[in-house]
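Participant: CSV, C-alpha atoms and all ligand atoms, saved as run-v9.csv, coming up:
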chain,number,residue,atom,x,y,z
S,1,MET,CA,0.5,20.5,12.1
S,2,PRO,CA,2.9,22.7,10.1
S,3,GLY,CA,6.2,20.9,9.5
S,4,THR,CA,5.0,17.5,10.7
S,5,PHE,CA,5.7,14.4,8.7
S,6,VAL,CA,2.2,13.0,8.1
S,7,PHE,CA,2.8,9.8,6.2
S,8,LYS,CA,2.2,6.4,7.8
S,9,SER,CA,3.9,3.4,6.5
S,10,LEU,CA,2.2,0.0,5.8
S,11,LYS,CA,2.8,-1.0,9.4
S,12,PRO,CA,2.4,1.9,11.8
S,13,MET,CA,5.8,3.6,11.6
S,14,THR,CA,6.9,6.7,13.4
S,15,ARG,CA,8.9,9.4,11.6
S,16,ARG,CA,11.9,8.2,13.5
S,17,ASP,CA,11.4,4.6,12.2
S,18,PHE,CA,10.9,5.9,8.7
S,19,LEU,CA,14.1,7.9,8.9
S,20,ALA,CA,15.9,4.9,10.4
S,21,ARG,CA,14.9,2.5,7.7
S,22,SER,CA,17.1,4.2,5.2
S,23,GLY,CA,19.8,6.7,5.5
S,24,ALA,CA,18.8,8.3,2.3
S,25,VAL,CA,15.3,8.9,3.4
S,26,SER,CA,16.6,11.8,5.3
S,27,THR,CA,16.9,13.5,1.9
S,28,LEU,CA,13.1,13.8,2.0
S,29,LEU,CA,12.2,17.5,2.3
S,30,VAL,CA,9.3,18.4,4.4
S,31,THR,CA,8.2,22.0,4.2
S,32,SER,CA,4.9,23.7,5.2
S,33,ARG,CA,2.9,26.5,3.8
S,34,PRO,CA,1.5,29.0,6.3
S,35,ALA,CA,-1.2,27.7,8.6
S,36,SER,CA,-3.7,30.0,6.9
S,37,ALA,CA,-3.2,27.9,3.8
S,38,ALA,CA,-4.4,24.8,5.7
S,39,ALA,CA,-0.9,23.7,6.8
S,40,GLN,CA,-0.4,21.0,4.3
S,41,PRO,CA,3.0,19.4,4.7
S,42,GLN,CA,4.7,19.1,1.4
S,43,VAL,CA,7.0,16.2,0.8
S,44,GLY,CA,9.6,15.9,-1.9
S,45,ILE,CA,13.2,15.0,-2.7
S,46,PRO,CA,16.1,17.2,-3.6
S,47,ALA,CA,17.3,17.3,-7.2
S,48,SER,CA,20.3,15.2,-6.4
S,49,ALA,CA,18.1,12.2,-5.3
S,50,LYS,CA,16.4,11.7,-8.7
S,51,PRO,CA,15.1,9.7,-10.4
S,52,LEU,CA,11.8,9.4,-8.4
S,53,PHE,CA,9.2,6.7,-9.0
S,54,VAL,CA,5.8,6.8,-7.4
S,55,SER,CA,3.1,4.1,-7.9
S,56,THR,CA,-0.2,2.9,-6.6
S,57,TRP,CA,-0.4,0.3,-3.8
S,58,PRO,CA,2.2,-1.7,-1.9
S,59,PHE,CA,2.7,-4.0,-4.9
S,60,GLY,CA,4.0,-0.9,-6.8
S,61,ARG,CA,7.1,-0.9,-4.7
S,62,ALA,CA,8.6,-3.9,-6.6
S,63,SER,CA,7.8,-2.1,-9.8
S,64,ASN,CA,9.4,1.1,-8.6
S,65,GLU,CA,12.5,-0.7,-7.6
S,66,ALA,CA,12.7,-2.4,-11.0
S,67,ALA,CA,12.2,0.9,-12.7
S,68,LEU,CA,15.0,2.4,-10.7
S,69,LYS,CA,17.4,-0.5,-11.6
S,70,VAL,CA,16.5,-0.1,-15.3
S,71,PHE,CA,17.3,3.6,-15.1
S,72,GLN,CA,20.5,3.2,-13.2
S,73,ALA,CA,21.6,0.6,-15.7
S,74,GLY,CA,21.3,3.2,-18.5
S,75,GLY,CA,17.7,2.7,-19.6
S,76,SER,CA,15.6,5.7,-20.4
S,77,LEU,CA,12.9,6.9,-18.1
S,78,LEU,CA,10.3,5.4,-20.5
S,79,ASP,CA,12.2,2.1,-20.4
S,80,ALA,CA,12.2,2.3,-16.6
S,81,VAL,CA,8.4,2.9,-16.3
S,82,GLU,CA,7.6,0.2,-18.9
S,83,GLN,CA,9.9,-2.4,-17.4
S,84,GLY,CA,8.9,-1.5,-13.9
S,85,ILE,CA,5.3,-2.2,-14.7
S,86,TRP,CA,6.4,-5.6,-16.2
S,87,VAL,CA,7.1,-6.8,-12.7
S,88,THR,CA,3.5,-6.3,-11.6
S,89,GLU,CA,2.1,-7.6,-14.9
S,90,SER,CA,4.2,-10.7,-14.4
S,91,ASP,CA,3.0,-11.4,-10.9
S,92,ALA,CA,0.6,-14.3,-11.3
S,93,GLY,CA,-0.6,-13.8,-7.7
S,94,ASN,CA,-1.8,-10.3,-8.5
S,95,GLY,CA,-5.6,-10.5,-9.2
S,96,SER,CA,-5.8,-7.0,-10.7
S,97,VAL,CA,-2.9,-6.6,-13.1
S,98,GLY,CA,-1.7,-8.7,-16.0
S,99,LEU,CA,-2.9,-12.2,-17.1
S,100,GLY,CA,-3.0,-13.4,-13.5
S,101,GLY,CA,-5.9,-11.0,-13.1
S,102,ILE,CA,-9.5,-11.9,-12.4
S,103,PRO,CA,-11.3,-12.5,-15.7
S,104,ASN,CA,-14.4,-10.8,-17.0
S,105,ALA,CA,-17.9,-12.2,-16.8
S,106,ALA,CA,-17.1,-14.4,-19.9
S,107,GLY,CA,-14.2,-15.9,-18.1
S,108,VAL,CA,-11.5,-14.1,-20.1
S,109,VAL,CA,-9.0,-11.6,-18.8
S,110,GLN,CA,-9.2,-8.3,-20.7
S,111,LEU,CA,-6.3,-6.0,-20.1
S,112,ASP,CA,-6.1,-2.2,-20.2
S,113,ALA,CA,-2.9,-0.1,-20.3
S,114,CYS,CA,-1.5,3.2,-21.3
S,115,ILE,CA,1.9,4.9,-21.3
S,116,MET,CA,2.7,8.6,-21.7
S,117,GLU,CA,6.0,10.5,-22.2
S,118,GLY,CA,6.3,14.1,-21.2
S,119,VAL,CA,8.8,14.9,-23.9
S,120,GLY,CA,6.8,15.4,-27.1
S,121,HIS,CA,3.5,14.8,-25.1
S,122,ARG,CA,3.4,11.3,-26.7
S,123,ALA,CA,1.1,8.5,-25.6
S,124,GLY,CA,-0.1,5.0,-26.5
S,125,SER,CA,-2.9,2.9,-25.1
S,126,VAL,CA,-4.6,-0.5,-25.4
S,127,ALA,CA,-7.9,-1.7,-24.0
S,128,ALA,CA,-9.7,-5.0,-23.7
S,129,LEU,CA,-6.6,-6.8,-24.9
S,130,GLU,CA,-6.6,-10.5,-24.5
S,131,GLY,CA,-3.9,-13.1,-24.1
S,132,ILE,CA,-0.8,-10.8,-24.3
S,133,ARG,CA,1.6,-10.8,-21.3
S,134,HIS,CA,2.7,-7.2,-21.3
S,135,PRO,CA,0.0,-4.7,-22.3
S,136,ILE,CA,2.1,-1.8,-21.2
S,137,SER,CA,4.6,-2.7,-23.9
S,138,VAL,CA,1.9,-3.0,-26.6
S,139,ALA,CA,0.8,0.5,-25.5
S,140,ARG,CA,4.3,1.8,-25.9
S,141,ARG,CA,4.5,0.1,-29.4
S,142,VAL,CA,1.2,1.8,-30.4
S,143,MET,CA,2.8,5.1,-29.4
S,144,GLU,CA,6.1,4.5,-31.2
S,145,LYS,CA,5.1,2.6,-34.3
S,146,THR,CA,1.6,3.7,-35.3
S,147,PRO,CA,0.0,7.1,-36.2
S,148,HIS,CA,-2.6,6.3,-33.5
S,149,VAL,CA,-2.9,6.6,-29.8
S,150,MET,CA,-5.3,3.8,-28.8
S,151,LEU,CA,-6.1,0.3,-30.1
S,152,VAL,CA,-8.8,-1.9,-28.6
S,153,GLY,CA,-10.0,-5.5,-28.5
S,154,GLU,CA,-9.2,-7.8,-31.3
S,155,GLY,CA,-7.4,-5.0,-33.3
S,156,ALA,CA,-5.1,-4.5,-30.4
S,157,ARG,CA,-4.4,-8.2,-30.1
S,158,GLN,CA,-3.7,-8.6,-33.8
S,159,PHE,CA,-1.3,-5.7,-33.6
S,160,ALA,CA,0.4,-7.2,-30.6
S,161,LEU,CA,0.8,-10.5,-32.4
S,162,GLU,CA,2.1,-8.9,-35.6
S,163,GLN,CA,4.7,-7.1,-33.4
S,164,GLY,CA,5.7,-10.4,-31.9
S,165,PHE,CA,4.6,-9.8,-28.3
S,166,GLU,CA,4.7,-12.7,-25.9
S,167,GLN,CA,1.3,-14.5,-25.5
S,168,GLY,CA,-0.1,-16.0,-22.4
S,169,GLU,CA,-3.3,-17.9,-21.3
S,170,ARG,CA,-6.4,-15.8,-21.6
S,171,VAL,CA,-7.2,-16.8,-18.0
S,172,SER,CA,-5.1,-18.6,-15.4
S,173,PRO,CA,-6.3,-22.0,-14.3
S,174,GLY,CA,-6.8,-20.9,-10.7
S,175,ARG,CA,-8.8,-17.8,-11.7
S,176,GLU,CA,-10.8,-19.9,-14.2
S,177,LYS,CA,-11.9,-22.2,-11.4
S,178,ALA,CA,-13.0,-19.2,-9.3
S,179,TRP,CA,-14.8,-17.8,-12.3
S,180,LYS,CA,-16.7,-21.0,-12.8
S,181,ASN,CA,-17.8,-20.9,-9.2
S,182,TRP,CA,-18.8,-17.3,-9.5
S,183,LYS,CA,-20.7,-18.1,-12.8
S,184,ALA,CA,-22.5,-20.9,-11.2
S,185,GLN,CA,-23.8,-18.5,-8.5
S,186,GLN,CA,-25.0,-15.9,-11.0
S,187,ASP,CA,-28.2,-17.7,-12.0
S,188,ALA,CA,-28.4,-15.7,-15.2
S,189,LYS,CA,-28.2,-12.2,-13.6
S,190,ARG,CA,-26.1,-10.5,-16.2
S,191,ALA,CA,-24.9,-7.4,-14.5
S,192,SER,CA,-24.0,-8.7,-11.2
S,193,LYS,CA,-21.6,-6.6,-9.1
S,194,PRO,CA,-18.1,-6.7,-10.3
S,195,LYS,CA,-15.5,-7.6,-7.7
S,196,GLY,CA,-11.8,-7.2,-7.1
S,197,HIS,CA,-9.9,-4.5,-8.8
S,198,ASP,CA,-6.7,-2.5,-8.6
S,199,THR,CA,-4.2,-0.9,-11.0
S,200,ILE,CA,-0.6,-0.2,-11.2
S,201,ALA,CA,-0.1,3.5,-12.1
S,202,LEU,CA,3.5,4.4,-12.0
S,203,VAL,CA,4.9,7.9,-12.6
S,204,GLY,CA,8.5,8.8,-12.9
S,205,LEU,CA,10.7,12.0,-12.8
S,206,GLY,CA,14.2,11.9,-14.2
S,207,PRO,CA,17.2,13.9,-13.1
S,208,ASP,CA,16.8,16.0,-16.2
S,209,GLY,CA,13.3,17.1,-15.0
S,210,HIS,CA,11.4,15.1,-17.6
S,211,LEU,CA,8.4,13.0,-16.7
S,212,CYS,CA,6.8,9.7,-17.8
S,213,GLY,CA,4.0,7.5,-16.6
S,214,GLY,CA,2.3,4.1,-17.3
S,215,CYS,CA,-0.8,2.4,-16.1
S,216,SER,CA,-1.8,-1.3,-16.4
S,217,THR,CA,-4.8,-3.3,-15.1
S,218,SER,CA,-7.1,-6.2,-15.7
S,219,GLY,CA,-9.8,-3.9,-14.5
S,220,MET,CA,-12.9,-5.0,-12.5
S,221,GLY,CA,-13.2,-8.6,-11.8
S,222,TYR,CA,-16.1,-10.2,-13.6
S,223,LYS,CA,-16.8,-7.0,-15.5
S,224,LEU,CA,-19.0,-7.1,-18.6
S,225,PRO,CA,-17.0,-8.2,-21.7
S,226,GLY,CA,-15.8,-5.1,-23.5
S,227,ARG,CA,-15.9,-2.9,-20.4
S,228,VAL,CA,-13.1,-0.3,-20.4
S,229,GLY,CA,-12.2,1.5,-17.2
S,230,ASP,CA,-10.2,4.7,-16.6
S,231,SER,CA,-6.8,3.1,-16.8
S,232,PRO,CA,-6.1,3.2,-20.5
S,233,ILE,CA,-7.9,6.5,-21.0
S,234,LEU,CA,-5.4,9.4,-21.1
S,235,GLY,CA,-6.4,12.1,-18.7
S,236,SER,CA,-8.4,9.6,-16.6
S,237,GLY,CA,-6.2,6.8,-15.4
S,238,LEU,CA,-3.0,8.6,-16.3
S,239,TYR,CA,-1.8,12.0,-17.4
S,240,VAL,CA,1.7,13.5,-17.9
S,241,ASP,CA,2.5,17.2,-18.6
S,242,ASP,CA,6.2,17.7,-18.9
S,243,GLU,CA,5.9,21.3,-17.8
S,244,ILE,CA,4.0,20.5,-14.6
S,245,GLY,CA,3.8,17.0,-13.3
S,246,ALA,CA,2.2,13.6,-13.7
S,247,ALA,CA,-0.7,11.8,-12.0
S,248,GLY,CA,-2.3,8.3,-12.0
S,249,ALA,CA,-5.5,6.8,-10.6
S,250,THR,CA,-6.8,3.6,-9.1
S,251,GLY,CA,-10.2,2.6,-7.9
S,252,ILE,CA,-13.6,2.2,-9.5
S,253,GLY,CA,-12.8,3.4,-13.0
S,254,GLU,CA,-16.3,4.6,-13.8
S,255,ASN,CA,-15.9,7.2,-11.0
S,256,VAL,CA,-12.6,8.5,-12.4
S,257,LEU,CA,-13.6,8.4,-16.1
S,258,ARG,CA,-16.5,10.7,-15.7
S,259,TYR,CA,-14.2,13.4,-14.3
S,260,CYS,CA,-11.0,13.1,-16.2
S,261,GLY,CA,-9.4,12.6,-12.8
S,262,SER,CA,-5.7,12.5,-13.6
S,263,TYR,CA,-5.9,15.5,-15.9
S,264,GLN,CA,-7.6,17.4,-13.1
S,265,VAL,CA,-4.8,16.5,-10.7
S,266,VAL,CA,-2.2,17.9,-13.1
S,267,GLU,CA,-4.3,21.0,-13.7
S,268,TYR,CA,-4.5,21.7,-10.0
S,269,MET,CA,-0.7,21.4,-9.9
S,270,ARG,CA,-0.5,23.9,-12.8
S,271,GLN,CA,-2.6,26.3,-10.6
S,272,GLY,CA,0.1,26.0,-7.9
S,273,LEU,CA,-1.1,23.2,-5.7
S,274,SER,CA,1.4,20.6,-4.4
S,275,PRO,CA,0.9,17.1,-5.7
S,276,GLN,CA,-0.8,16.1,-2.4
S,277,ASP,CA,-3.1,19.1,-2.4
S,278,ALA,CA,-3.9,18.5,-6.0
S,279,CYS,CA,-5.0,14.9,-5.3
S,280,LEU,CA,-7.1,16.0,-2.3
S,281,GLU,CA,-8.7,18.9,-4.3
S,282,THR,CA,-9.6,16.6,-7.2
S,283,LEU,CA,-11.3,14.2,-4.8
S,284,ARG,CA,-13.2,17.1,-3.2
S,285,ARG,CA,-14.3,18.4,-6.5
S,286,ILE,CA,-15.5,15.1,-7.8
S,287,ALA,CA,-17.3,14.3,-4.5
S,288,LYS,CA,-19.0,17.7,-4.5
S,289,LYS,CA,-20.6,17.0,-7.9
S,290,ASP,CA,-21.1,13.3,-7.7
S,291,PRO,CA,-24.4,11.8,-6.3
S,292,LYS,CA,-22.3,9.3,-4.4
S,293,GLY,CA,-20.4,12.0,-2.5
S,294,PHE,CA,-17.2,10.6,-1.1
S,295,ASP,CA,-18.4,7.0,-1.5
S,296,LEU,CA,-16.4,6.6,-4.7
S,297,SER,CA,-13.6,4.2,-4.0
S,298,ILE,CA,-11.0,6.2,-6.0
S,299,SER,CA,-7.4,7.3,-5.3
S,300,PHE,CA,-4.7,9.4,-7.0
S,301,ILE,CA,-1.0,9.6,-6.9
S,302,ALA,CA,1.0,12.6,-8.2
S,303,ILE,CA,4.5,14.0,-8.7
S,304,ASP,CA,5.6,17.4,-9.8
S,305,LYS,CA,8.5,18.6,-11.8
S,306,GLN,CA,10.2,19.8,-8.6
S,307,GLY,CA,10.3,16.2,-7.1
S,308,ARG,CA,7.4,16.6,-4.7
S,309,PHE,CA,4.9,13.8,-4.5
S,310,GLY,CA,1.6,13.0,-2.9
S,311,ALA,CA,-1.5,10.9,-3.0
S,312,ALA,CA,-5.0,10.8,-1.6
S,313,GLY,CA,-8.0,8.5,-1.7
S,314,THR,CA,-11.6,8.5,-0.7
S,315,GLY,CA,-12.6,6.6,2.5
S,316,SER,CA,-9.6,5.8,4.6
S,317,GLY,CA,-7.1,6.6,1.8
S,318,PHE,CA,-4.8,4.0,0.3
S,319,GLN,CA,-1.2,2.9,0.3
S,320,TYR,CA,1.2,3.9,-2.3
S,321,SER,CA,4.9,3.4,-3.1
S,322,VAL,CA,7.7,5.9,-3.3
S,323,THR,CA,11.2,5.0,-4.5
S,324,PHE,CA,14.3,7.0,-5.3
S,325,PRO,CA,18.0,6.1,-4.9
S,326,GLY,CA,18.6,4.7,-1.5
S,327,THR,CA,14.9,4.7,-0.5
S,328,SER,CA,11.9,2.6,-1.2
S,329,VAL,CA,8.8,2.9,1.0
S,330,VAL,CA,5.1,2.2,1.2
S,331,LEU,CA,3.2,5.2,2.5
S,332,GLN,CA,-0.3,5.7,3.7
S,333,SER,CA,-2.2,8.5,1.9
S,334,PRO,CA,-4.7,10.7,3.6
S,335,GLY,CA,-8.4,9.8,3.0
S,336,LEU,CA,-11.5,11.9,2.5
S,337,THR,CA,-14.9,11.0,3.8
S,338,ALA,CA,-18.2,12.9,4.0
S,339,LYS,CA,-17.8,13.2,7.8
S,340,SER,CA,-14.2,14.3,7.9
S,341,VAL,CA,-12.7,15.9,4.9
S,342,GLY,CA,-9.4,14.3,5.7
S,343,PRO,CA,-6.8,14.0,8.4
S,344,ILE,CA,-5.0,16.9,6.8
S,345,GLY,CA,-6.4,19.7,4.8
S,346,GLY,CA,-9.3,20.2,7.1
S,347,ASN,CA,-12.3,22.1,5.7
S,348,ARG,CA,-10.4,24.2,3.3
S,349,PRO,CA,-12.8,25.4,0.7
S,350,PRO,CA,-12.2,23.9,-2.7
S,351,VAL,CA,-10.2,25.9,-5.3
S,352,LYS,CA,-12.6,27.9,-7.4
S,401,LIG,N1,-9.3,1.6,-12.2
S,401,LIG,C1,-9.4,0.2,-12.5
S,401,LIG,C2,-10.6,0.0,-13.4
S,401,LIG,O1,-11.6,0.5,-13.1
S,401,LIG,C3,-9.5,-0.7,-11.3
S,401,LIG,C4,-8.7,-0.2,-10.1
S,401,LIG,O2,-7.7,0.5,-10.2
S,401,LIG,O3,-9.1,-0.6,-9.0
S,401,LIG,O4,-10.5,-0.8,-14.3
I need this file expressed as C-alpha cells, please.
Facilitator:
Amino acid sequence: MPGTFVFKSLKPMTRRDFLARSGAVSTLLVTSRPASAAAQPQVGIPASAKPLFVSTWPFGRASNEAALKVFQAGGSLLDAVEQGIWVTESDAGNGSVGLGGIPNAAGVVQLDACIMEGVGHRAGSVAALEGIRHPISVARRVMEKTPHVMLVGEGARQFALEQGFEQGERVSPGREKAWKNWKAQQDAKRASKPKGHDTIALVGLGPDGHLCGGCSTSGMGYKLPGRVGDSPILGSGLYVDDEIGAAGATGIGENVLRYCGSYQVVEYMRQGLSPQDACLETLRRIAKKDPKGFDLSISFIAIDKQGRFGAAGTGSGFQYSVTFPGTSVVLQSPGLTAKSVGPIGGNRPPVK
C-alpha cells in the first residue's frame, strides 16, 4: 500500500513498536511513488542522520554499531567499515565469517573478503586466505599498499604475514571435530553438498555523501579447497559507485557470481530505481534467466547516495541490519518466489 511501512523486525514488530524502540527512528522517511509504479515504499534517512550503515543478517547489527562508534570517534568511513567487520570476523560462534567459520572439505578455513572505497573507486580483495584473523584488513592493505586489487591463497597469506597481520588457527577445535564427523560420513564422495554459509556485507554512507563497503566470509562450509565465492569478487559480492550507491550480497555465491549481482543492483539504482527496487529487480532478472528460477538462495542489500536503503532475497527474504545515529534495527526484507513475486512489487514487469 502506498505510504505503508513494510519492514518487519526480527520478532514481529508493528510500525508503532518500531517507532517506539528508538526516538530517532522517527527520522526514517517513508515515501511512495504513484500506485501505477507498483507503490513501492521507499525508506531512507534525512541527511542530518548520517552516517548510515546497512549490513546483511542480524549479526550485522553489532558490526554496524561498531562502525558507527568508530566513525563517531573520528575514524574515516573506511575505518568504520573495516573495524565494523572485525566484530563479525572475531565472533568465534559465527560459522560463516572469520576463523570461527566452518572449514572446507580439507578441514581448513579459507577466508574471502573485499573492501571498496567510493572516493577514487579503489578496491582490495583476498580469497582463500588461511590462518589470518582479519581478512578484511588484508584486503584493505592490498588496496592501499600494492599496485594490485586481488591476492589469493598462499600469496595472500604470505603478504598478510609480511605485513604483520595477526594469525589464528586454521580451524577452531570445535569446527575441526564437526569436520571430522562430516568427513567420516563422506565415504570418499568428493563433491558432497556444501553446507552452512553466510556473509557479512556492510555498506556505509558518510555525512559528506561518500560511500564505502566491505564483505567478509568463510564461504560455503565443506567447500572444495580453493573454491572462491562471490564475496571477494568486486561487482559480485560487493560494489560501490560513489556517484550512485553501494550494494552487497549474501547466499550461494555461485548464483551471484554468474550475474555480477551487486554491480547489477548499483546499475539499477543508476537507472533511477530505489535501493529496494534495485535489489528486487536484480533478483527478478537473475531468476528470469537462471534454470533454477527463484530457487537461488541469494539476497542483496543496497544504499544510495541520498540515504535510502533496501534489501531483498529469494524465497522468504532475509534479515538485514540498519544503523544510524540513535537507531539500530534488524529488518525483514521482502522475498521473491516463483509463485508470488514478492509481498511488495507485485507483478511489475522487469526493467528492460
Ligand atoms: N556468498 C557466500 C559464498 O558463497 C556465502 C553466503 O553469503 O551465504 O561464499
Participant: Report the distance between atom CA of S:Glu243 and atom CA of S:Asp304 in Å, rounded to one decimal place.
Facilitator: 8.9 Å
Participant: Residues of chain S that have any atom at most 7 Å from an atom of ligand LIG 401 (chain S): could you tabulate them with the shortest-distance atom pair and the distance in Å to one decimal, using only C-alpha atoms and all ligand atoms, ordered by chain and increasing number, as a tab-separated table?
Facilitator:
residue	atom	partner	partner_atom	distance
S:His197	CA	S:LIG401	O3	4.0
S:Asp198	CA	S:LIG401	O3	3.1
S:Thr199	CA	S:LIG401	O2	3.9
S:Thr217	CA	S:LIG401	O4	6.3
S:Ser218	CA	S:LIG401	O4	6.5
S:Gly219	CA	S:LIG401	O4	3.2
S:Met220	CA	S:LIG401	O4	5.2
S:Val228	CA	S:LIG401	O4	6.6
S:Gly229	CA	S:LIG401	O4	4.1
S:Asp230	CA	S:LIG401	N1	5.5
S:Ser231	CA	S:LIG401	N1	5.4
S:Gly237	CA	S:LIG401	N1	6.8
S:Ala249	CA	S:LIG401	N1	6.6
S:Thr250	CA	S:LIG401	O2	3.4
S:Gly251	CA	S:LIG401	O3	3.6
S:Ile252	CA	S:LIG401	O1	4.5
S:Gly253	CA	S:LIG401	O1	3.1
S:Glu254	CA	S:LIG401	O1	6.3
Participant: Could you save the residues just selected, with C-alpha atoms, as a PDB file, keeping the file's coordinate frame?
Facilitator:
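The result, written out as out22.pdb:
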ATOM      1  CA  HIS S 197      -9.900  -4.500  -8.800  1.00  0.00           C
ATOM      2  CA  ASP S 198      -6.700  -2.500  -8.600  1.00  0.00           C
ATOM      3  CA  THR S 199      -4.200  -0.900 -11.000  1.00  0.00           C
ATOM      4  CA  THR S 217      -4.800  -3.300 -15.100  1.00  0.00           C
ATOM      5  CA  SER S 218      -7.100  -6.200 -15.700  1.00  0.00           C
ATOM      6  CA  GLY S 219      -9.800  -3.900 -14.500  1.00  0.00           C
ATOM      7  CA  MET S 220     -12.900  -5.000 -12.500  1.00  0.00           C
ATOM      8  CA  VAL S 228     -13.100  -0.300 -20.400  1.00  0.00           C
ATOM      9  CA  GLY S 229     -12.200   1.500 -17.200  1.00  0.00           C
ATOM     10  CA  ASP S 230     -10.200   4.700 -16.600  1.00  0.00           C
ATOM     11  CA  SER S 231      -6.800   3.100 -16.800  1.00  0.00           C
ATOM     12  CA  GLY S 237      -6.200   6.800 -15.400  1.00  0.00           C
ATOM     13  CA  ALA S 249      -5.500   6.800 -10.600  1.00  0.00           C
ATOM     14  CA  THR S 250      -6.800   3.600  -9.100  1.00  0.00           C
ATOM     15  CA  GLY S 251     -10.200   2.600  -7.900  1.00  0.00           C
ATOM     16  CA  ILE S 252     -13.600   2.200  -9.500  1.00  0.00           C
ATOM     17  CA  GLY S 253     -12.800   3.400 -13.000  1.00  0.00           C
ATOM     18  CA  GLU S 254     -16.300   4.600 -13.800  1.00  0.00           C
TER      19      GLU S 254
END
Participant: What's the separation between atom CA of S:Val108 and atom CA of S:Ile136, in Å to one decimal place?
Facilitator: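 Atom CA of S:Ile136 lies 18.4 Å from atom CA of S:Val108.
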Participant: For the point (4.3, -8.6, -10.4) in the file's frame, write as a ChimeraX atom specification all residues with an atom no more than 12 Å away, counting all atoms listed in the file.
Facilitator: /S:58-66,83-101,133-134,199-200,216-217
Participant: What does the distance from atom CA of S:Ala47 to atom CA of S:Ser299 come to in Å, to one decimal?
Facilitator: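 Between these atoms lies a distance of 26.7 Å.
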Participant: Excluding stretch 287-289 of chain S and any residue of its chain fewer than 3 positions from it, enumerate the residues within 10 Å of it, using only C-alpha atoms, and give them as a list in words.
Facilitator: Asn255, Tyr259, Glu281, Thr282, Leu283, Arg284, Lys292, Gly293, Phe294, Asp295, Leu296, Thr314, Leu336, Thr337, Ala338 and Pro350 of chain S
Participant: Which is closer to S:Gly206 than all the others in S:Glu117, S:Glu162, S:Asp112, S:Glu154, using all atoms listed in the file?
Facilitator: S:Glu117
Participant: Please provide as a PyMOL selection string all residues within 7 Å of stretch 156-160 of chain S, with the sequence filter that same-chain residues fewer than 5 positions apart are discarded (counting all atoms listed in the file).
Facilitator: chain S and resi 126+129-130+138+151+165
Participant: Which residues are close to stretch 79-81 of chain S, i.e. within 7 Å by only C-alpha atoms, leaving aside same-chain residues fewer than 3 positions away? Reply as a ChimeraX atom specification.
Facilitator: /S:67-68,70-71,75-76,84-85,202,204,213-214
Participant: Excluding S:Glu144 and residues on its chain fewer than 5 positions from it, collect all residues at most 10 Å away from it, counting all atoms listed in the file, and give them as an MDAnalysis selection string.
Facilitator: chainID S and resid 122:124 138:139 149
Participant: Would you mind exporting C-alpha atoms of the selected residues as a PDB file, in the coordinates of the input?
Facilitator:
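Here's the written file part01.pdb:
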ATOM      1  CA  ARG S 122       3.400  11.300 -26.700  1.00  0.00           C
ATOM      2  CA  ALA S 123       1.100   8.500 -25.600  1.00  0.00           C
ATOM      3  CA  GLY S 124      -0.100   5.000 -26.500  1.00  0.00           C
ATOM      4  CA  VAL S 138       1.900  -3.000 -26.600  1.00  0.00           C
ATOM      5  CA  ALA S 139       0.800   0.500 -25.500  1.00  0.00           C
ATOM      6  CA  VAL S 149      -2.900   6.600 -29.800  1.00  0.00           C
TER       7      VAL S 149
END
Participant: For a cutoff of 6 Å around the file-coordinate point (8.4, 8.5, -12.5), which residues qualify once you count all atoms listed in the file? I'd like the result as a PDB file with C-alpha atoms, in the coordinates of the input.
Facilitator:
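Output file part.pdb follows:
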ATOM      1  CA  LEU S  52      11.800   9.400  -8.400  1.00  0.00           C
ATOM      2  CA  PHE S  53       9.200   6.700  -9.000  1.00  0.00           C
ATOM      3  CA  VAL S  54       5.800   6.800  -7.400  1.00  0.00           C
ATOM      4  CA  VAL S 203       4.900   7.900 -12.600  1.00  0.00           C
ATOM      5  CA  GLY S 204       8.500   8.800 -12.900  1.00  0.00           C
ATOM      6  CA  LEU S 205      10.700  12.000 -12.800  1.00  0.00           C
ATOM      7  CA  CYS S 212       6.800   9.700 -17.800  1.00  0.00           C
TER       8      CYS S 212
END
Participant: Which residue out of S:Arg227, S:Gly107, S:Pro334, S:Arg141 has the minimum interatomic distance to S:Gly174 when all atoms listed in the file are used?
Facilitator: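 Of S:Arg227, S:Gly107, S:Pro334, S:Arg141, the one nearest S:Gly174 is S:Gly107, counting all atoms listed in the file.
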Participant: Give me stretch 89-100 of chain S from this structure - C-alpha atoms, as a compact mmCIF listing (two decimals), in the first residue's frame.
Facilitator:
# COMPACT_ATOMS: atom_id res chain seq x y z
CA GLU S 89 35.17 -11.77 11.94
CA SER S 90 36.11 -12.06 15.62
CA ASP S 91 32.94 -13.87 16.64
CA ALA S 92 34.06 -17.47 17.21
CA GLY S 93 30.43 -18.55 17.29
CA ASN S 94 29.81 -17.33 13.76
CA GLY S 95 30.13 -20.35 11.47
CA SER S 96 30.23 -18.29 8.28
CA VAL S 97 32.65 -15.42 8.84
CA GLY S 98 36.20 -15.35 10.16
CA LEU S 99 38.36 -18.14 11.54
CA GLY S 100 35.43 -19.46 13.59
